[in-house]
Structure formats: structure tokens, C-alpha cells
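The file structure_10.cif contains mmCIF, C-alpha atoms and all ligand atoms:
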data_work
loop_
_atom_site.label_atom_id
_atom_site.label_comp_id
_atom_site.auth_asym_id
_atom_site.auth_seq_id
_atom_site.Cartn_x
_atom_site.Cartn_y
_atom_site.Cartn_z
CA MET A 1 -6.62 2.86 126.55
CA ILE A 2 -5.85 0.77 129.59
CA PHE A 3 -8.77 0.20 131.94
CA VAL A 4 -7.69 1.25 135.40
CA PRO A 5 -10.34 0.76 138.07
CA VAL A 6 -10.39 3.67 140.50
CA PRO A 7 -12.57 4.42 143.51
CA GLY A 8 -15.84 5.83 142.25
CA GLY A 9 -16.05 3.72 139.14
CA ARG A 10 -15.04 3.83 135.50
CA ASP A 11 -16.47 7.30 134.77
CA ASP A 12 -13.71 8.79 136.92
CA VAL A 13 -10.86 7.25 134.93
CA ASN A 14 -9.95 10.35 132.90
CA GLU A 15 -10.22 12.60 135.93
CA LYS A 16 -7.95 10.44 138.07
CA VAL A 17 -5.72 8.51 135.67
CA ARG A 18 -3.78 9.79 132.66
CA VAL A 19 -1.94 7.32 130.45
CA LEU A 20 1.08 9.23 129.15
CA GLY A 21 2.79 6.52 127.13
CA GLU A 22 3.77 2.90 126.90
CA GLN A 23 6.70 0.78 125.85
CA VAL A 24 6.36 -2.84 124.73
CA LEU A 25 9.09 -4.77 126.57
CA SER A 26 8.15 -8.15 125.13
CA ASN A 27 5.41 -9.37 122.83
CA ASN A 28 5.70 -13.11 122.66
CA TRP A 29 3.47 -15.59 124.53
CA GLY A 30 2.28 -12.72 126.69
CA LEU A 31 2.47 -8.97 126.20
CA VAL A 32 4.72 -7.19 128.67
CA LYS A 33 4.46 -3.40 128.70
CA LYS A 34 5.88 -0.57 130.73
CA THR A 35 3.31 2.20 130.94
CA THR A 36 3.83 5.69 132.28
CA ILE A 37 0.77 7.07 134.00
CA GLU A 38 -0.19 9.99 136.14
CA LEU A 39 -2.45 9.19 139.04
CA LYS A 40 -4.37 11.79 141.01
CA ARG A 41 -3.72 11.18 144.68
CA ARG A 42 -6.54 11.60 147.13
CA ASN A 43 -5.07 14.97 148.19
CA GLY A 44 -5.53 16.19 144.60
CA GLU A 45 -1.86 16.07 143.53
CA TRP A 46 -0.91 14.28 140.30
CA GLN A 47 1.88 11.71 140.66
CA ARG A 48 3.79 10.10 137.81
CA GLN A 49 4.32 6.33 137.98
CA GLU A 50 5.73 3.60 135.77
CA ARG A 51 3.98 0.25 135.90
CA GLU A 52 4.74 -3.04 134.13
CA THR A 53 1.91 -5.36 133.12
CA TYR A 54 1.84 -8.95 131.89
CA ASP A 55 -1.13 -9.55 129.60
CA ARG A 56 -1.94 -13.02 128.35
CA GLY A 57 -5.69 -12.47 128.26
CA ASP A 58 -8.38 -13.63 130.63
CA GLY A 59 -9.14 -17.17 131.77
CA ALA A 60 -11.76 -19.53 133.15
CA GLY A 61 -11.56 -22.37 135.66
CA VAL A 62 -14.14 -24.91 136.77
CA LEU A 63 -14.43 -27.22 139.76
CA LEU A 64 -16.17 -30.44 138.76
CA TYR A 65 -18.01 -32.00 141.71
CA ASN A 66 -20.23 -34.97 142.47
CA ARG A 67 -22.69 -34.35 145.27
CA ALA A 68 -23.59 -38.01 145.95
CA GLN A 69 -19.96 -39.17 146.14
CA ARG A 70 -18.73 -35.92 147.76
CA THR A 71 -15.84 -35.90 145.28
CA VAL A 72 -14.13 -33.37 143.03
CA ILE A 73 -12.07 -33.67 139.86
CA LEU A 74 -8.69 -31.94 139.92
CA THR A 75 -5.68 -32.04 137.63
CA ARG A 76 -1.94 -32.24 138.17
CA GLN A 77 0.49 -30.72 135.69
CA PHE A 78 3.95 -29.22 135.53
CA ARG A 79 4.02 -25.45 135.95
CA PHE A 80 7.39 -23.98 135.05
CA PRO A 81 6.89 -20.71 137.01
CA VAL A 82 6.41 -22.80 140.16
CA PHE A 83 9.59 -24.74 139.36
CA ALA A 84 11.36 -21.41 138.77
CA HIS A 85 10.21 -20.39 142.23
CA GLY A 86 12.19 -23.31 143.62
CA GLU A 87 9.59 -26.06 144.05
CA PRO A 88 9.21 -29.34 142.12
CA GLY A 89 6.56 -27.69 139.93
CA TRP A 90 3.72 -30.22 139.70
CA LEU A 91 0.64 -28.29 140.75
CA ILE A 92 -2.83 -29.59 141.62
CA GLU A 93 -5.48 -27.37 140.04
CA VAL A 94 -9.06 -27.21 138.86
CA VAL A 95 -9.34 -27.47 135.08
CA ALA A 96 -8.67 -24.05 133.57
CA GLY A 97 -7.58 -22.31 130.45
CA LYS A 98 -7.16 -19.11 128.52
CA LEU A 99 -10.25 -17.65 126.86
CA ASP A 100 -8.64 -17.26 123.42
CA GLY A 101 -11.52 -14.97 122.42
CA ASP A 102 -14.25 -17.32 123.63
CA HIS A 103 -16.89 -16.66 126.28
CA PRO A 104 -15.79 -17.88 129.76
CA VAL A 105 -18.65 -20.46 129.78
CA THR A 106 -17.40 -21.90 126.48
CA THR A 107 -13.84 -22.07 127.79
CA ALA A 108 -14.92 -23.69 131.06
CA LYS A 109 -16.71 -26.51 129.20
CA LYS A 110 -13.95 -26.91 126.60
CA GLU A 111 -11.17 -27.10 129.19
CA ALA A 112 -13.17 -29.53 131.35
CA GLU A 113 -13.37 -31.95 128.45
CA GLU A 114 -9.85 -31.38 127.10
CA GLU A 115 -8.06 -31.56 130.43
CA SER A 116 -10.19 -33.99 132.48
CA GLY A 117 -12.19 -35.92 129.88
CA TYR A 118 -15.51 -34.95 131.54
CA ARG A 119 -18.17 -33.36 129.32
CA VAL A 120 -20.36 -31.02 131.36
CA HIS A 121 -23.43 -29.21 130.07
CA ASP A 122 -24.19 -26.71 132.81
CA VAL A 123 -21.63 -24.54 134.51
CA GLU A 124 -22.45 -22.06 137.27
CA LEU A 125 -20.39 -18.87 137.66
CA VAL A 126 -19.50 -18.38 141.31
CA MET A 127 -16.94 -15.56 141.21
CA SER A 128 -14.53 -13.59 139.05
CA ALA A 129 -11.16 -12.58 140.42
CA TYR A 130 -7.85 -10.96 139.64
CA MET A 131 -5.20 -13.41 140.77
CA SER A 132 -2.20 -11.07 140.82
CA PRO A 133 -3.43 -7.49 140.31
CA GLY A 134 -0.08 -5.84 140.98
CA SER A 135 1.24 -6.95 137.61
CA VAL A 136 -0.99 -9.44 135.78
CA THR A 137 -4.00 -8.10 133.84
CA GLU A 138 -5.84 -11.44 133.78
CA LYS A 139 -9.30 -11.77 135.30
CA LEU A 140 -10.42 -15.32 135.97
CA SER A 141 -14.05 -16.49 135.83
CA LEU A 142 -14.55 -19.38 138.23
CA PHE A 143 -17.32 -21.94 137.79
CA LEU A 144 -18.80 -25.05 139.36
CA ALA A 145 -20.18 -27.98 137.36
CA GLU A 146 -21.63 -31.32 138.42
CA TYR A 147 -20.21 -34.51 136.93
CA ASP A 148 -20.98 -38.21 137.18
CA ALA A 149 -19.61 -41.40 135.64
CA ASP A 150 -21.66 -40.81 132.48
CA SER A 151 -19.93 -37.44 131.95
CA LYS A 152 -16.61 -39.17 131.25
CA VAL A 153 -16.11 -39.18 127.48
CA SER A 154 -12.32 -39.45 127.14
CA ALA A 155 -9.12 -39.81 129.12
CA GLY A 156 -8.47 -36.06 129.18
CA GLY A 157 -4.86 -35.05 129.63
CA GLY A 158 -4.81 -31.83 127.62
CA LEU A 159 -3.28 -31.08 124.23
CA GLU A 160 0.00 -32.90 123.70
CA ASP A 161 1.08 -30.55 120.89
CA GLU A 162 0.80 -27.61 123.33
CA GLY A 163 3.04 -29.50 125.75
CA GLU A 164 0.24 -30.50 128.10
CA ASP A 165 0.53 -33.79 130.01
CA ILE A 166 -2.24 -33.51 132.57
CA GLU A 167 -3.04 -36.15 135.19
CA VAL A 168 -6.69 -36.38 136.28
CA LEU A 169 -7.41 -36.87 140.00
CA GLU A 170 -10.72 -37.71 141.70
CA LEU A 171 -10.56 -36.74 145.37
CA GLY A 172 -12.97 -36.66 148.30
CA ILE A 173 -13.76 -33.09 149.31
CA ASP A 174 -12.41 -33.60 152.84
CA ALA A 175 -9.13 -34.97 151.50
CA ALA A 176 -8.87 -32.02 149.08
CA LEU A 177 -9.46 -29.50 151.87
CA ASP A 178 -6.83 -31.26 154.00
CA MET A 179 -4.40 -30.86 151.08
CA ILE A 180 -4.83 -27.08 151.27
CA ALA A 181 -3.85 -27.18 154.94
CA SER A 182 -0.85 -29.41 154.21
CA GLY A 183 0.32 -27.23 151.32
CA GLU A 184 -0.15 -29.99 148.71
CA ILE A 185 -2.76 -27.78 147.02
CA ALA A 186 -1.26 -24.33 146.56
CA ASP A 187 -3.07 -22.90 143.53
CA ALA A 188 -5.24 -19.90 144.42
CA LYS A 189 -8.20 -20.52 142.08
CA THR A 190 -8.38 -24.13 143.26
CA ILE A 191 -8.28 -23.13 146.93
CA MET A 192 -11.01 -20.54 146.33
CA LEU A 193 -13.35 -23.00 144.63
CA LEU A 194 -12.78 -25.80 147.16
CA GLN A 195 -13.43 -23.41 150.03
CA HIS A 196 -16.53 -22.10 148.23
CA VAL A 197 -18.16 -25.54 148.06
CA ARG A 198 -17.48 -26.01 151.77
CA LEU A 199 -18.65 -22.50 152.75
CA LYS A 200 -21.89 -22.87 150.77
CA ARG A 201 -22.35 -26.44 152.04
CA ILE A 202 -22.50 -27.76 148.47
CA LEU A 203 -20.29 -30.72 149.45
N1 LIG A 301 4.80 -21.77 123.80
C1 LIG A 301 4.38 -21.45 125.00
N2 LIG A 301 3.39 -22.17 125.53
C2 LIG A 301 2.98 -21.84 126.75
C3 LIG A 301 3.56 -20.78 127.48
N3 LIG A 301 2.90 -20.70 128.66
C4 LIG A 301 1.98 -21.66 128.64
N4 LIG A 301 2.02 -22.36 127.50
C5 LIG A 301 1.23 -23.49 127.08
O1 LIG A 301 -0.07 -23.08 126.80
C6 LIG A 301 -1.01 -23.91 127.45
C7 LIG A 301 -2.22 -23.08 127.79
O2 LIG A 301 -3.14 -23.91 128.34
P1 LIG A 301 -4.52 -23.39 128.94
O3 LIG A 301 -5.13 -24.59 129.57
O4 LIG A 301 -5.26 -22.58 127.95
O5 LIG A 301 -4.06 -22.36 130.03
P2 LIG A 301 -3.41 -22.65 131.40
O6 LIG A 301 -1.94 -22.51 131.28
O7 LIG A 301 -3.94 -23.91 132.00
O8 LIG A 301 -3.94 -21.43 132.22
C8 LIG A 301 -4.98 -21.48 133.14
O9 LIG A 301 -4.49 -21.55 134.38
C9 LIG A 301 -3.61 -20.47 134.67
C10 LIG A 301 -2.96 -20.66 135.99
O10 LIG A 301 -3.90 -20.73 137.00
C11 LIG A 301 -4.35 -19.17 134.58
O11 LIG A 301 -3.46 -18.11 134.77
C12 LIG A 301 -5.00 -19.06 133.25
O12 LIG A 301 -5.88 -17.97 133.18
C13 LIG A 301 -5.80 -20.26 132.99
O13 LIG A 301 -6.89 -20.32 133.89
C14 LIG A 301 -0.28 -24.42 128.67
O14 LIG A 301 -0.73 -25.65 129.09
C15 LIG A 301 1.13 -24.55 128.15
O15 LIG A 301 1.29 -25.80 127.57
C16 LIG A 301 4.63 -20.05 126.91
O16 LIG A 301 5.17 -19.11 127.49
N5 LIG A 301 4.98 -20.44 125.67
MG MG A 302 -5.13 -25.39 131.47
#

Give the structure from the file, written as C-alpha cells.
Amino acid sequence: MIFVPVPGGRDDVNEKVRVLGEQVLSNNWGLVKKTTIELKRRNGEWQRQERETYDRGDGAGVLLYNRAQRTVILTRQFRFPVFAHGEPGWLIEVVAGKLDGDHPVTTAKKEAEEESGYRVHDVELVMSAYMSPGSVTEKLSLFLAEYDADSKVSAGGGLEDEGEDIEVLELGIDAALDMIASGEIADAKTIMLLQHVRLKRIL
């Protein structure tokens, strides 16, 4: 059963959404399905729709920050979908990864260490968000964590055997916010977390 949020909450799902059938279009790295549903319109009429979904599970991202230095840790890596869109493809992002069955807190800490080399003990959940709800099922849990020089336990860089070659950047918060305005930072979860620390006057 596919969870389809509808106005009024989950109890309404069977009264407003009927899943009639599904076809697996691709089941490789991600699961791509075409599902036929009937959706009850607000005027009471049922309407049949076909919708494609890309499911590669949920994810977690974490912005590492240092209050005294007013700095953040970000990463730069090649993202093929961005290249396919017509840009060079190296994207600046907070550390992030797929849950792979783990709790988002576990993933946030694991990815922080794997990708940036910083070991953090406490992470604070600040929001959860769908990044592309028209087609991608993924919900991202977004965290903050404080770091300092003692948190650095390795070079980071990600897992070479998974094709990761991740550069670690330490930036001042003002410089990072300027990079949103200039378009140098164009990853949604990263923009959301950087703006959050400014909005909440954390940095
Ligand atoms: N073989 C194969 N490998 C892939 C494919 N797509 C990605 N990978 C590899 O799998 C790794 C997964 O690394 P994670 O760190 O777990 O995930 P992520 O790609 O960084 O994803 C994070 O950021 C995404 C973009 O913002 C998020 O969508 C995702 O939820 C997560 O937060 C990637 O680095 C890449 O090397 C694919 O189609 N095939
Ligand atoms: Mg990652």
C-alpha cells in the first residue's frame, strides 16, 4: 500500500485514494513504478490517474557548524543528474546519505564522519522535508551538529568503492550565504540548513 497524504490525515486514505494497480518500470538502483490510482476530487467525483514514482529510500543530511569561528563544513562532489541537466556537475552540499535501514540520527553521524572526517556525538533534528514530491518518494531528515578541531578524526572523502570522491570545505557562514545568492550553492537541503542557522541566529 502506498502512503498518500491527503487533506484530513492518514485515516482518510481509503476514502479518498484507491490504488488500482502498479507496474514496475525499473528496479535497479532505485525503484521506478507507474501506479494507477483513483483520487476523490473535492467535488466528490473519482478521477483515475497514473503516477510515476522514484523510490530510493529516505535520507538524512547534517550541517556541521562551529559557533565560535562562525564556520560550516560543506562538501563538494560530482552529481551526474546535475551534469545531465547541463551544468558542470560539482555540487556543494551538506554531508548527507541514504538511510539504508538505519535511523536518521545514525545516518547523519555516519555520513558526517565518512564524508567530512568529523565525528559528531550530538545531532539536532531541525526539519524533515520532501525535496521533489511530484515524483520522488524520499523524505529527508535535516540536522545540525557542532564541530571543532578535536572532532576531526580522518580526511573524510566518502567511500571510494562506491565512487565517492568528496572534497571537504570549511566556509564562513557569510561566505556560504553569499554563495546561495551567487548560485554557487544550488542544493536545496544545503540552502535550507544554511538559511535556518541564519534565521534562528545560531551563526
Ligand atoms: N551504482 C550506483 N551507485 C549510485 C547511483 N546513484 C548514486 N550512487 C552512489 O551511491 C552513493 C550514495 O551515497 P550516499 O552518501 O548514501 O547518498 P547521496 O547520494 O549522498 O544522497 C544524499 O544526498 C542526496 C541528494 O541530496 C539525497 O537525495 C539523498 O537522500 C541523500 O541525502 C553515491 O555517492 C554514489 O556514489 C546509481 O544509480 N548507481
Ligand atoms: Mg552522500

Return as a ChimeraX atom specification the residues of protein, DNA or RNA that approach ligand MG 302 (chain A) to within 6 Å, with all atoms listed in the file taken into account. /A:95-97

Taking all atoms of ligand LIG 301 (chain A) that appear in the file, build a box with edges along x, y and z, extend it by 8 Å on every side, and state its centre and edge lengths in Å to one decimal, as JSON.
{"center_x": -0.9, "center_y": -21.9, "center_z": 130.4, "size_x": 28.1, "size_y": 23.8, "size_z": 29.2}

Find the residue from A:His103, A:Lys109, A:Arg198, A:Arg56 that sits nearest to ligand LIG 301 (chain A); use only C-alpha atoms and all ligand atoms when measuring.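 Residue with the minimum atom-to-atom distance to ligand LIG 301 (chain A): A:Arg56.
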
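Nearest residue to A:Arg76, choosing from A:Val136, A:Val123, A:Ile92, A:Ile180 and counting all atoms listed in the file: A:Ile92.
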
Pick out the closest residue to ligand LIG 301 (chain A) from this set: A:Thr36, A:Ser116, A:Gln47, A:Asn28. Count only C-alpha atoms and all ligand atoms. A:Asn28

For a quick check of understanding, using all atoms listed in the file, which of A:Pro104, A:Gly44, A:Gly59, A:Pro81 has the smallest distance to ligand LIG 301 (chain A)?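 Nearest to ligand LIG 301 (chain A): A:Gly59.
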
Neighbours of ligand LIG 301 (chain A) within 7 Å, counting all atoms listed in the file, as a list in words?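 Residues satisfying the distance criterion: Trp29, Asp58, Gly59, Ala60, Gly61, Ala96, Gly97, Lys98, Glu111, Glu138, Leu140, Glu162, Gly163, Glu164, Asp187 and Lys189 of chain A.
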
Same residues, C-alpha atoms, saved as an mmCIF file, in the frame of the given file:
data_model
loop_
_atom_site.group_PDB
_atom_site.id
_atom_site.type_symbol
_atom_site.label_atom_id
_atom_site.label_comp_id
_atom_site.auth_asym_id
_atom_site.auth_seq_id
_atom_site.Cartn_x
_atom_site.Cartn_y
_atom_site.Cartn_z
ATOM 1 C CA TRP A 29 3.470 -15.590 124.530
ATOM 2 C CA ASP A 58 -8.380 -13.630 130.630
ATOM 3 C CA GLY A 59 -9.140 -17.170 131.770
ATOM 4 C CA ALA A 60 -11.760 -19.530 133.150
ATOM 5 C CA GLY A 61 -11.560 -22.370 135.660
ATOM 6 C CA ALA A 96 -8.670 -24.050 133.570
ATOM 7 C CA GLY A 97 -7.580 -22.310 130.450
ATOM 8 C CA LYS A 98 -7.160 -19.110 128.520
ATOM 9 C CA GLU A 111 -11.170 -27.100 129.190
ATOM 10 C CA GLU A 138 -5.840 -11.440 133.780
ATOM 11 C CA LEU A 140 -10.420 -15.320 135.970
ATOM 12 C CA GLU A 162 0.800 -27.610 123.330
ATOM 13 C CA GLY A 163 3.040 -29.500 125.750
ATOM 14 C CA GLU A 164 0.240 -30.500 128.100
ATOM 15 C CA ASP A 187 -3.070 -22.900 143.530
ATOM 16 C CA LYS A 189 -8.200 -20.520 142.080
#

Can you tell me, as a list in words, what residues are no more than 8 Å from A:Glu52 when counting all atoms listed in the file, ignoring any on the same chain fewer than 2 positions away?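 Contacts, in chain order: Val32, Lys33, Lys34, Thr35, Glu50, Tyr54 and Ser135 of chain A.
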
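Closest to A:Gly101 among A:Val82, A:Ser141, A:Gly57, A:Thr71 is A:Gly57, based on only C-alpha atoms.
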